[in-house]
Amino acid sequence: MNLFFILAIPLLTAVFILLEPRREQSRLLALVGSALQFVAALMLFFRYRSDLPDAYNPPILYREQFHWYSQWNISWHAGVDGISVAMILLTAFVVLAGVLVSWKVNKMEKSFFFLLMLLSIGAYGFFMSLDLFTMFFFLEIAVIPKYLLIGVWGSGRKEYSANKLALMLMGGSALILVGMLALYFYFPAGERTFDMTLISTREIPADVQRWIFPFIFVGFGVFTALFPFHTWVPDGHSSAPTAGSMFLAGISMKLGGYGCLRAATWLLPEGAQAYSGIIILLATIAIIYGAFATMMQKDLKYINAYSSVSHCGFVILGIGMLTETSITGAVYQMVSHGLMTALFFAVIGMVYERTHTRMVAEMGGLMKAMPFISAVMFIAGLASLGLPGLSGFVAEMTVFMGSWEKQGTLYKLATILACASIVVTAVYVLRAVGGTMMGPMNEQRYGKLGDALWYERWAALILILGILAMGLAPLWLHDLVAPGSEAMMKHFSVAGK
Amino acid sequence: MEFLSGMRTELMVTAVIFILLFIKLGRGMENHTLLAVTQVMLLAASALSFWPQESGSLFGGMFTHGALQGFQKSILLTGTYLVSLLFSDWLRRSPHMTEFLVLMLSSLLGMCFLISSAHLLMFYLSLELTTIPLAAMSNFDLDQKKSSEAAMKLILSSAFSSGILLFGISLVYGATGSLYFPDIAAALGNQHEPLTILMFLLLLSAFAFKMSIVPFHFWTADVYEGSPIPVTAFLSVMSKGAVAFALLTVLYTVFPAQASQWFGMIALLAVATMLIGNLFAIRQDNLKRFLAFSSIAQVGFILVAVSGQQPVSITAVTYFVLVYMFSNLAAFGVAAVLEQPDPLPDDPWVEGIKMGGSEAMPDWMPKPGSGGTQKISDYRGLIKRSPLLTWIMALALFSLAGIPPTAGFFGKIFLLSAGAASQHYWLIIIAALNMIVSLYYYLKIVRVMFMTDPPPHATKLYPDPVVQFGLIICSVGIVLVGLVSWIYDYISSLAH
């Protein structure tokens with residue numbers, strides 16, 4: 001399977017959208033393009049599952065390498081292991097749903113869909129890169145579309161949020177850049193490379209790892225709401241248009257988590273070990289703080305945005321614990337969180353389009369007026385609080401199990417605290433969902449509102465399908481991800497000695 | 001004929017100058033036709049100049065030519081061609097177009113000699129040939145006081161810097177007894193005496209003036225603001241680029257052994273230049289001043305690479321100047337479309353306004369004689385007035401800020417990498433932080449263009465087809481120069 005195929009689909013879609021003179025056609029093109037991406041991602045998934053047994057170690061398949069800037073030893077090196085396949089699949093789900101939800105965008109459609117496609121190019125390219133430079137390139141490609149999506153099509157304090165997001169993410173990128181160059185120039189001339197498969201086999205002294213690791217980890221951490229750098233998340237998510245929030249929470253935050261895993265932890269294992277305690281501390285703070293901050297929110301989008309801080313804390317916790325199970329759990333949590341927040345944001349967008357408010361206090365009893373939307377919202381909420389049978393349970397359980405394996409009082413304490421946060425999650429999810437969907441309805445204001453339209457139904461169904469598949473049959477995902485994290489850990493214990 | 005091949009670019013530019021002068025002396029030509037003829041000649045010249053050049057020297061070693069220098073000259077020549085396209089509206093309207101073109105090409109000629117000079121006198125002469133026409137060009141908005149002021153500032157500051165340069169040159173001659181670059185380097189050897197340091201400092205200050213490196217940058221903003229927009233564009237791209245190339249030559253061939261002495265100094269200058277340029281750019285509401293300060297900041301990034309190692313730095317700087325040329329010219333090109341002072345009655349652009357549906361002169365349009373405003377607030381809601389111009393401007397700004405997939409990203413990264421090659425990571429950290437600051441103010445313009453409503457009475461903008469062509473060349477350059485890596489590899493092969 002040629003990976004560039006997956007990259008070429010959104011690229012061609014973007015080009016076609018640019019060339020198509022009729023504005024209404026751009027959404028159709030975007031839909032066709034994202035449906036093709038979806039099919040291609042599914043094909044990749046099934047192919048990878050069947051090809052896995054003859055994969056080498058680390059289980060990276062379908063490698064392609066083009067020399068790009070040969071003076072700097074930069075190559076366009078692509079390849080996927082199970083973790084990347086899972087992330088690519090997640091991206092395809094969210095992109096398709098996002099395009100469907102935006103069917104009725106009525107402002108500069110061409111630019112809107114073009115930017116969505118640009119964002120998905122960045123995400124796909126990022127997840128399949130095995131070269132640090134190319135990875136960074138794709139990471140940065142995704143920044144500007146986010147800025148414009150929020151600033152132009154957003155609502156509320158959109159300009160402030162867009163600026164904050166762009167600058168904070170750029171700050172993260174600057175840290176990554178410094179770490180990346182330091183890692184590159186650490187090697188003597190002639191052996192310098194950005195190729196991660198090569199770097200991971202090299203011996204890097206512990207003190208070098210210890211000073212480079214924070215740059216790369218914190219840099220990617222900014223993208224995934226690492227604790228003191230999470231402030232862009234609530235503003236950015238709540239100001240973005242529906243599809244923008246879905247992409248931000250569903251894909252963009254996962255870029256950071258994946259980067260922490262692939263670039264920081266894989267390449268600099270001793271650095272990861274040295275900072276493990278601090279990472280876990282920050283993750284625990286994010287989990288607890290995020291959960292309590294969510295309790296205080298009155299706006300549905302802010303509720304979901306703050307809960308994302310809390311949920312992404314699990315990802316970082318899983319990575320910080322550095323056990324095979326916890327890393328697998330972190331990847332699960334990325335997939336699960338991507339699907340369920342995308343669903344939540346989609347459904348918030350649908351509600352907002354009808355009621356023109358996002359304040360929980362102003363709504364109530366919407367179940368009567370819009371049963372389908374309400375049901376979807378329940379599913380999203382239950383997935384978020386970790387109900388067995390849905391994706392959130394599988395992911396969080398795995399993280400906790402992995403964390404418990406780690407010996408040490410502090411680690412146990414962090415795990416217990418993280419577990420306890422689930423109770424808080426239940427409180428705010430039930431409050432939000434109950435407050436909007438149940439109770440008496442304001443007949444005058446909401447009585448005549450219609451239920452979901454066809455494109456909204458499809459968008460929701462696709463995401464629910466993903467959530468259910470992961471919740472009911474987690475083995476599928478396990479077969480995919482576990483070899484990846486096993487390989488990562490194997491490398492880890494070798495380099496750790 | 002070594003003479004013909006070695007001085008190919010210079011001869012072609014001179015030929016164009018003479019053809020223009022003969023046409024002027026003869027029966028003359030309509031501005032329209034003459035400009036088209038010039039554009040074709042410049043296109044042909046720049047295309048020819050890309051043919052790789054063999055290395056050698058002329059005039060007893062005063063003039064050296066080689067593949068890298070040839071390529072650097074081609075960049076400048078291409079830039080001049082783009083200037084003639086992008087500002088053709090302004091040029092056509094100018095009552096003294098021929099003189100302007102001749103002055104511009106003379107300055108270009110000076111830059112070509114500057115890049116090739118291997119003798120300090122030759123170097124001095126070509127620097128003057130570069131600067132004096134520029135001062136005359138700055139004064140070209142004849143009825144504008146600001147334009148005269150700009151010319152005055154430019155000529156005074158460059159006279160001052162020439163004085164410093166001459167002092168430095170005389171010290172060099174006194175100390176080493178020669179003005180040839182290789183001889184000076186041999187005579188200076190590995191010594192770090194106070195006199196050597198003083199010479200080096202004086203020469204560096206002269207460069208700092210021309211490149212507007214902090215603390216020698218004070219003339220920049222006023223000159224950029226007062227000059228007509230083509231001159232500002234030419235100054236900020238071509239003149240800076242040429243001097244940056246010359247700086248590399250002088251540093252790496254005349255003072256190669258003093259490396260340990262000057263690394264710290266240049267790194268310090270780089271930090272100051274980036275910081276001051278960025279911090280002042282934030283506060284500007286005039287687009288020309290804004291671009292002036294942002295170009296100061298860009299020079300700071302160039303200095304980061306200069307403080308690195310030799311071949312890598314030369315490649316990175318040359319590549320960056322190429323990228324910077326496309327990006328900055330595109331930004332100025334869009335600015336020129338918005339500027340448009342007092343249009344003539346039969347100006348096609350005025351018909352464009354009428355096609356837009358409004359009969360009266362809109363408010364936002366400068367009144368006759370006002371010379372056109374360049375407020376950032378003029379860009380309000382540009383997306384609704386001209387999506388093409390908006391996206392090109394956004395592309396140019398992203399490229400200047402160093403955001404992929406534009407070439408500016410690669411340009412910046414390679415500059416920083418060249419700096420990082422000498423393992424001074426604190427410099428890279430400061431530079432990376434400066435990239436965030438610069439993104440902040442570039443986004444300010446993007447925000448105004450995309451996220452605000454156009455001023456009342458604003459009409460659609462229809463750029464002239466020639467201008468549009470120039471803008472599209474720039475945008476294609478911004479995208480392709482980065483993604484297509486062989487351009488960088490080619491420059492690198494020339495530099496080694």
# chains A, B, ... in the order shown; residues from 1 in each chain; ligands from 1
call {"tool": "interface_residues", "arguments": {"of": "chain A", "to": "chain B", "cutoff": "7 Å", "atoms": "only C-alpha atoms", "output": "ChimeraX atom specification"}}
result
/A:68-69,71,137,140-141,151-152,167,170-171,174,178,181,185
call {"tool": "select_by_dssp", "arguments": {"residues": "region 52-166 of chain A", "states": "helix (DSSP H, G or I)", "output": "VMD selection string"}}
result
chain A and resid 52 to 54 70 to 72 82 to 104 109 to 128 132 to 141 143 to 153 158 to 166
call {"tool": "atom_distance", "arguments": {"atom1": "CA of Glu191 (chain A)", "atom2": "CA of Leu267 (chain A)"}}
result
15.9 Å
call {"tool": "closest_residue", "arguments": {"among": "A:Leu139, A:Leu149, A:Met295, A:Ala330", "to": "Gly402 (chain A)", "atoms": "only C-alpha atoms"}}
result
A:Ala330
call {"tool": "closest_atom_pairs", "arguments": {"of": "region 370-402 of chain B", "to": "region 478-481 of chain B", "cutoff": "12 Å", "atoms": "only C-alpha atoms", "output": "Markdown table"}}
result
| residue | atom | partner | partner_atom | distance |
| --- | --- | --- | --- | --- |
| B:Ile392 | CA | B:Ile478 | CA | 9.7 |
| B:Met393 | CA | B:Ile478 | CA | 11.2 |
| B:Ala394 | CA | B:Ile478 | CA | 11.3 |
| B:Leu395 | CA | B:Ile478 | CA | 7.7 |
| B:Ala396 | CA | B:Ile478 | CA | 7.3 |
| B:Leu397 | CA | B:Ile478 | CA | 10.5 |
| B:Phe398 | CA | B:Ile478 | CA | 9.8 |
| B:Ser399 | CA | B:Ile478 | CA | 7.0 |
| B:Leu400 | CA | B:Ile478 | CA | 9.8 |
| B:Gly402 | CA | B:Ile478 | CA | 11.0 |
call {"tool": "residues_around", "arguments": {"residues": "Arg22 (chain A)", "least_positions_apart": "6", "cutoff": "12 Å", "atoms": "only C-alpha atoms", "output": "VMD selection string"}}
result
chain A and resid 16 28 to 29 108 to 110
call {"tool": "write_last_selection", "arguments": {"atoms": "C-alpha atoms", "output": "PDB file, in the first residue's frame"}}
result
ATOM      1  CA  PHE A  16      -9.771  20.853  -7.258  1.00  0.00           C
ATOM      2  CA  LEU A  28     -19.409  18.392  -2.871  1.00  0.00           C
ATOM      3  CA  LEU A  29     -15.762  18.087  -3.852  1.00  0.00           C
ATOM      4  CA  MET A 108     -16.591  31.811   1.692  1.00  0.00           C
ATOM      5  CA  GLU A 109     -17.203  28.082   1.231  1.00  0.00           C
ATOM      6  CA  LYS A 110     -14.294  27.635  -1.102  1.00  0.00           C
TER       7      LYS A 110
END
call {"tool": "residues_around", "arguments": {"residues": "Leu43 (chain B)", "least_positions_apart": "4", "cutoff": "9 Å", "atoms": "only C-alpha atoms", "output": "list in words"}}
result
Thr38, Gln39, Ala47, Leu48, Leu77, Thr78, Tyr81 and Leu82 of chain B
call {"tool": "residues_around", "arguments": {"residues": "Ala346 (chain A)", "least_positions_apart": "2", "cutoff": "10 Å", "atoms": "only C-alpha atoms", "output": "PyMOL selection string"}}
result
chain A and resi 97-98+100-102+241-246+340-344+348-352+373+376-377+380+456+459-460+463
call {"tool": "residues_around", "arguments": {"residues": "region 78-88 of chain A", "least_positions_apart": "5", "cutoff": "9 Å", "atoms": "only C-alpha atoms", "output": "ChimeraX atom specification"}}
result
/A:3-4,41,44-45,48-49,52,58-66,93,123-125,127-131,251,254-255,258,328,331-332,334-335,477,479-485
call {"tool": "write_last_selection", "arguments": {"atoms": "C-alpha atoms", "output": "mmCIF file, in the first residue's frame"}}
result
data_model
loop_
_atom_site.group_PDB
_atom_site.id
_atom_site.type_symbol
_atom_site.label_atom_id
_atom_site.label_comp_id
_atom_site.auth_asym_id
_atom_site.auth_seq_id
_atom_site.Cartn_x
_atom_site.Cartn_y
_atom_site.Cartn_z
ATOM 1 C CA LEU A 3 1.134 5.846 1.756
ATOM 2 C CA PHE A 4 1.452 8.844 -0.529
ATOM 3 C CA ALA A 41 -7.787 4.861 5.627
ATOM 4 C CA LEU A 44 -4.827 0.889 5.153
ATOM 5 C CA PHE A 45 -6.248 -0.407 8.415
ATOM 6 C CA TYR A 48 -1.937 -3.377 7.938
ATOM 7 C CA ARG A 49 -3.752 -5.917 10.080
ATOM 8 C CA LEU A 52 1.379 -7.260 10.461
ATOM 9 C CA PRO A 58 9.795 -1.982 14.993
ATOM 10 C CA PRO A 59 6.674 -2.948 13.058
ATOM 11 C CA ILE A 60 6.850 -0.166 10.496
ATOM 12 C CA LEU A 61 5.372 -1.044 7.161
ATOM 13 C CA TYR A 62 4.964 0.521 3.732
ATOM 14 C CA ARG A 63 8.090 2.576 3.973
ATOM 15 C CA GLU A 64 8.801 5.056 1.247
ATOM 16 C CA GLN A 65 11.780 7.305 1.135
ATOM 17 C CA PHE A 66 12.534 10.231 -1.124
ATOM 18 C CA PHE A 93 -13.313 9.651 10.688
ATOM 19 C CA ALA A 123 -2.436 15.630 9.954
ATOM 20 C CA TYR A 124 -1.968 12.694 7.567
ATOM 21 C CA GLY A 125 1.535 13.801 6.666
ATOM 22 C CA PHE A 127 1.229 10.750 11.324
ATOM 23 C CA MET A 128 3.056 8.981 8.533
ATOM 24 C CA SER A 129 6.372 10.822 8.795
ATOM 25 C CA LEU A 130 9.408 8.978 10.028
ATOM 26 C CA ASP A 131 11.632 11.975 9.510
ATOM 27 C CA ILE A 251 -7.054 15.778 15.299
ATOM 28 C CA LYS A 254 -3.569 14.346 18.868
ATOM 29 C CA LEU A 255 -0.687 15.687 16.834
ATOM 30 C CA TYR A 258 1.603 11.468 19.013
ATOM 31 C CA THR A 328 -1.120 1.529 24.602
ATOM 32 C CA VAL A 331 -2.987 5.780 22.179
ATOM 33 C CA TYR A 332 -6.459 4.388 22.924
ATOM 34 C CA MET A 334 -6.178 9.660 21.837
ATOM 35 C CA VAL A 335 -8.415 7.736 19.470
ATOM 36 C CA LEU A 477 -7.453 -1.737 18.074
ATOM 37 C CA ASP A 479 -3.894 -5.897 17.776
ATOM 38 C CA LEU A 480 -2.982 -2.747 15.955
ATOM 39 C CA VAL A 481 -1.499 -0.629 18.695
ATOM 40 C CA ALA A 482 0.082 -3.137 21.072
ATOM 41 C CA PRO A 483 2.913 -4.236 18.734
ATOM 42 C CA GLY A 484 3.742 -0.584 18.202
ATOM 43 C CA SER A 485 4.027 0.225 21.866
#
call {"tool": "residues_around", "arguments": {"residues": "Ala162 (chain A)", "least_positions_apart": "4", "cutoff": "6 Å", "atoms": "only C-alpha atoms", "output": "list in words"}}
result
Tyr147, Ile150, Gly151 and Lys158 of chain A
call {"tool": "write_last_selection", "arguments": {"atoms": "N, CA and C atoms", "output": "tab-separated table (two decimals), in the first residue's frame"}}
result
chain	number	residue	atom	x	y	z
A	147	TYR	N	-5.82	28.89	12.51
A	147	TYR	CA	-5.94	30.32	12.80
A	147	TYR	C	-7.06	30.94	11.97
A	150	ILE	N	-10.70	29.67	12.82
A	150	ILE	CA	-11.29	30.29	14.02
A	150	ILE	C	-11.58	31.76	13.77
A	151	GLY	N	-10.58	32.47	13.19
A	151	GLY	CA	-10.72	33.90	13.07
A	151	GLY	C	-11.81	34.32	12.11
A	158	LYS	N	-13.44	35.63	18.72
A	158	LYS	CA	-12.72	34.75	17.81
A	158	LYS	C	-11.33	35.25	17.48
call {"tool": "closest_residue", "arguments": {"among": "A:Leu366, A:Ala305, A:Leu339, A:Ala395", "to": "Thr325 (chain A)", "atoms": "only C-alpha atoms"}}
result
A:Ala395
call {"tool": "atom_distance", "arguments": {"atom1": "CA of Pro188 (chain A)", "atom2": "CA of Trp76 (chain A)"}}
result
22.0 Å
call {"tool": "closest_residue", "arguments": {"among": "B:Met62, B:Ala206, B:Ala316, B:Ala401", "to": "Asn328 (chain B)", "atoms": "only C-alpha atoms"}}
result
B:Ala401
call {"tool": "select_by_dssp", "arguments": {"residues": "region 1-231 of chain A", "states": "strand (DSSP E or B)", "output": "PyMOL selection string"}}
result
chain A and resi 61-67+75-80+129+131+195
call {"tool": "atom_distance", "arguments": {"atom1": "CA of Ala136 (chain B)", "atom2": "CA of Asn31 (chain B)"}}
result
19.9 Å
